[in-house]
Amino acid sequence: MAIQQILVSQIKTAVNEIYGATLENVELQPTRKDFEGDITAVIFPMLRVFKGNPVQIGQSIGEYLVKNVSEVEKFNVVQGFLNIVLSDSYYIDFFNSVEDFSTYGHISQGKEAVMVEYSSPNTNKPLHLGHVRNVLLGYSVSEIEKAAGKKVYKTQIINDRGIHICKSMLAWERFGNGETPESTNLKGDKLVGNYYVRFDQEYKKEIEELKQQGKTEEEAKAEAPILKEAQEMLRKWEAGDEETIALWKKMNGWVYDGFEKSYKTIGVDFDTYYYESDTYLLGKDIIEEGLKNGVFFKKEDGSVWCDLTPEGLDEKLVLRSDGTAVYMTQDIGTAVQRVKDYPDVGGMIYTVGNEQDYHFKVLFLILKKLGYSWAENLFHLSYGMVDLPSGKMKSREGTVVDADDLMAEMTDTARKISEELGKIDDFSEEEKEELYRIIGLGALKYYILKVDPKKRILFNPEESVDFQGNTGPFIQYTYARIQSILRKAKESSPEILGKIEMSGVKLHEKEKELLKILQQYPETIQLAAENHSPAIIANYTYDLVKEFNSFYQSVPILATDNQTEKVFRVNLSNAVSEVIKSAFALLGIQVPIRM
RNA sequence: GGCCGCGUGGCGCAACUGAAUAGCGCAUCAGAUUUCGGCUCUGAGGGUUGCAGGUUUGAAUCCUGCCGCGGUCACCA
């Protein structure tokens with residue numbers, strides 16, 4: 001049983017015995033740094049149940065605990081706070097009880113599965129900074145869910161159809177001269193993206209010409225021949241025209257190859273893929289059913305709606321008057337389809353920007369009205385935009401930060417810093433490149449994941465990202481330094497890592513602090529999972545690392561004569577490094593053995 | 001305009017979901033290594049938590065009203 005539970009139940013009995021009162025619950029919190037103690041019980045809320053002087057109550061409960069709970073060594077009362085000091089042996093027992101710190105805090109996988117959707121790009125534009133935030137959040141939340149005991153399916157829905165795709169296709173056909181990724185040595189997504197831009201240029205040119213001929217802006221936009229042609233292409237695509245489909249498949253294939261390369265560099269992956277070309281017709285039959293059940297209603301013109309005014313929202317269109325589907329229809333259909341495909345899915349997480357908050361609110365509400373049990377477990381992992389100092393990213397104005405370029409720049413910065421330090425001169429070229437990638441991406445990922453997803457991020461490419469202070473590389477550095485100590489320790493005594501018995505030894509204050517933080521790891525994972533928040537993991541890791549550095553500075557690890565102490569400290573350092581590695585894995589960040 | 005989100009030292013972020021003197025990093029200043037990697041550590045200065053009320057023994061956190069920033073209000077996706 002966890003110490004918190006023991007204390008809660010013991011405090012309840014204490015209050016019952018001494019004051020004859022029954023407490024519903026007891027509020028515990030970690031003791032603040034400026035006071036002596038490990039866990040603090042707050043007395044104030046008890047005064048609602050029975051009257052008394054908070055200090056006296058704390059005093060009497062404290063005395064009871066010291067007498068009856070072996071883990072409690074002593075206590076002190078400050079105002080209405082009962083600070084409880086746990087014994088050293090309690091902490092050492094905890095440390096010995098952990099079999100393996102590399103999997104510590106992870107709950108083994110249960111039956112229930114959750115599907116996490118993230119990335120979900122268009123196939124006509126390369127990935128940019130906004131996708132990076134999306135992908136990092138989605139991947140990390142997936143890993144956190146897994147650690148918290150869920151089975152996870154990582155997925156994305158790829159927007160591979162529609163007029164925008166036809167624009168790139170048309171431009172390539174017209175101006176491409178048969179270019180391919182191989183012939184141009186360009187990533188496929190970049191090549192296709194270029195033609196999307198090319199279309200836009202031509203389109204604008206035609207609009208200008210039409211305006212010169214006396215057309216209004218509106219007319220020109222609608223009548224431009226190149227746009228007409230793109231629309232014609234979409235009709236052909238929908239009619240299943242062989243040539244059009246073949247071109248579409250070829251160009252999309254290029255894009256997917258390009259995306260895969262980017263994902264590989266970022267270090268994320270997917271278990272299953274959904275394509276809009278497969279799903280855009282889904283959902284209509286569900287609308288029919290919902291009509292029968294009274295979830296939806298039909299207007300005179302034949303359009304179908306869902307009335308959400310009782311919930312304080314508007315009426316929402318789910319089927320056009322001509323019977324065709326809208327975005328909402330598709331999303332309803334896709335959600336249902338996913339549970340058909342993976343029957344163990346009991347909930348879903350959608351990683352999508354906050355401009356779609358309303359859409360998902362409505363989607364979830366409709367799915368609930370339709371009566372799906374899993375609809376109770378839907379979560380929109382909504383995140384704020386990544387803005388640049390110049391303002392919003394706009395692809396047309398060329399103010400997008402390309403994901404591949406960004407990662408390359410981060411790697412470059414890491415290279416510069418590492419070369420100055422010169423600690424890894426004996427690394428091979430490949431090892432060096434891999435290390436720079438680990439550090440550069442670590443900096444970028446940590447920078448993005450440590451902040452609350454709801455907040456906007458202002459990203460300044462010039463200043464880039466820090467490597468000191470509360471950053472990824474700072475934590476990676478600490479990890480590498482611990483590895484260095486462990487290597488030295490193993491040189492002199494190869495068997496040093498393993499079970500240790502250390503009874504009756506006085507723990508150093510810093511050791512105790514470290515053990516305290518290590519002990520919080522399992523609940524931190526749970527908390528992060530409940531809140532879908534990688535930031536909680538990031539901040540925990542930082543606290544752990546900061547505490548370790550402080551320990552490292554004030555306590556000799558290898559340079560001590562006391563053999564028991566040395567063995568304990570080496571093992572403690574090892575445990576810290578294992579937890580750093582494990583926590584960073586939840587963020588999708590690797591740690592280097594040397595740097 | 002309606003609805004949603006955000007607002008915390010100069011800058012970037014925390015605060016265990018209502019508790020003690022609101023923490024941390026960057027920047028600034030002052031220190032520390034006969035020691036295991038100084039990308040480290042210790043300390044100092046810097047705050048009326050956007051403003052005004054309210055609830056509570058206790059509010060950055062909950063309620064009301066303003067102010068500012070962003071988003072969203074399509075038979076687009």
# chains A, B, ... in the order shown; residues from 1 in each chain; ligands from 1

$ select_by_dssp --residues "stretch 186-327 of chain A" --states "strand (DSSP E or B)" --output "PyMOL selection string"
chain A and resi 272-275+297-298+304-307+315-319+325

$ select_by_dssp --residues "stretch 380-413 of chain A" --states "alpha helix (DSSP H)" --output "NGL selection string"
:A and (403-413)

$ write_last_selection --atoms "C-alpha atoms" --output "tab-separated table (two decimals), in the first residue's frame"
chain	number	residue	atom	x	y	z
A	403	ALA	CA	9.71	21.04	-40.95
A	404	ASP	CA	12.72	19.48	-42.71
A	405	ASP	CA	14.60	22.79	-42.81
A	406	LEU	CA	13.86	23.41	-39.16
A	407	MET	CA	15.18	20.02	-38.09
A	408	ALA	CA	18.28	20.49	-40.19
A	409	GLU	CA	18.91	23.85	-38.57
A	410	MET	CA	18.52	22.41	-35.08
A	411	THR	CA	20.96	19.64	-35.92
A	412	ASP	CA	23.34	22.25	-37.23
A	413	THR	CA	23.21	24.29	-34.06

$ interface_residues --of "chain B" --to "chain A" --cutoff "12 Å" --atoms "only C-alpha atoms (C1' of nucleotides)" --output "JSON, numbers by chain"
{"B": [2, 3, 4, 5, 6, 7, 11, 12, 13, 14, 15, 16, 17, 18, 19, 20, 21, 23, 24, 25, 26, 27, 32, 33, 35, 36, 37, 38, 39, 40, 41, 42, 56, 57, 58, 69, 70, 71, 72, 73, 74, 75, 76, 77]}

$ atom_distance --atom1 "atom CA of A:Thr123" --atom2 "atom CA of A:Tyr447"
27.4 Å

$ atom_distance --atom1 "atom CA of A:Ile18" --atom2 "atom CA of A:Asp88"
28.4 Å

$ atom_distance --atom1 "atom CA of A:Glu311" --atom2 "atom CA of A:Lys361"
10.7 Å

$ residues_around --residues "A:Glu578" --least-positions-apart "3" --cutoff "9 Å" --atoms "only C-alpha atoms (C1' of nucleotides)" --output "JSON, numbers by chain"
{"A": [100, 101, 102, 103, 104, 479, 573, 574, 575, 581, 582, 583]}

$ residues_around --residues "A:Tyr91" --least-positions-apart "6" --cutoff "8 Å" --atoms "only C-alpha atoms (C1' of nucleotides)" --output "count of residues only"
3

$ residues_around --residues "stretch 276-291 of chain A" --least-positions-apart "5" --cutoff "12 Å" --atoms "only C-alpha atoms (C1' of nucleotides)" --output "JSON, numbers by chain"
{"A": [120, 121, 122, 123, 156, 157, 158, 159, 160, 161, 162, 165, 237, 238, 240, 245, 248, 249, 252, 296, 297, 298, 299, 302, 303, 304, 305, 306, 307, 317, 318, 319, 320, 323, 324, 325, 326, 327, 328, 329, 330, 331, 332, 333, 334, 335, 336, 337, 338, 366, 367, 368, 369, 370, 371, 372], "B": [77]}

$ residues_around --residues "A:Lys261" --least-positions-apart "3" --cutoff "10 Å" --atoms "only C-alpha atoms (C1' of nucleotides)" --output "PyMOL selection string"
chain A and resi 187-189+255-258+264-267+404

$ write_last_selection --atoms "C-alpha atoms" --output "PDB file, in the first residue's frame"
ATOM      1  CA  LYS A 187      11.739  15.062 -51.689  1.00  0.00           C
ATOM      2  CA  GLY A 188       8.402  14.084 -53.187  1.00  0.00           C
ATOM      3  CA  ASP A 189       6.330  16.318 -50.937  1.00  0.00           C
ATOM      4  CA  VAL A 255       4.206  12.868 -51.267  1.00  0.00           C
ATOM      5  CA  TYR A 256       3.875   9.853 -48.966  1.00  0.00           C
ATOM      6  CA  ASP A 257       7.512   8.964 -49.538  1.00  0.00           C
ATOM      7  CA  GLY A 258       8.473  12.500 -48.612  1.00  0.00           C
ATOM      8  CA  LYS A 264      11.487   9.192 -39.675  1.00  0.00           C
ATOM      9  CA  THR A 265      13.687  12.191 -38.944  1.00  0.00           C
ATOM     10  CA  ILE A 266      11.281  13.491 -36.322  1.00  0.00           C
ATOM     11  CA  GLY A 267      11.098  10.019 -34.865  1.00  0.00           C
ATOM     12  CA  ASP A 404      12.716  19.483 -42.711  1.00  0.00           C
TER      13      ASP A 404
END
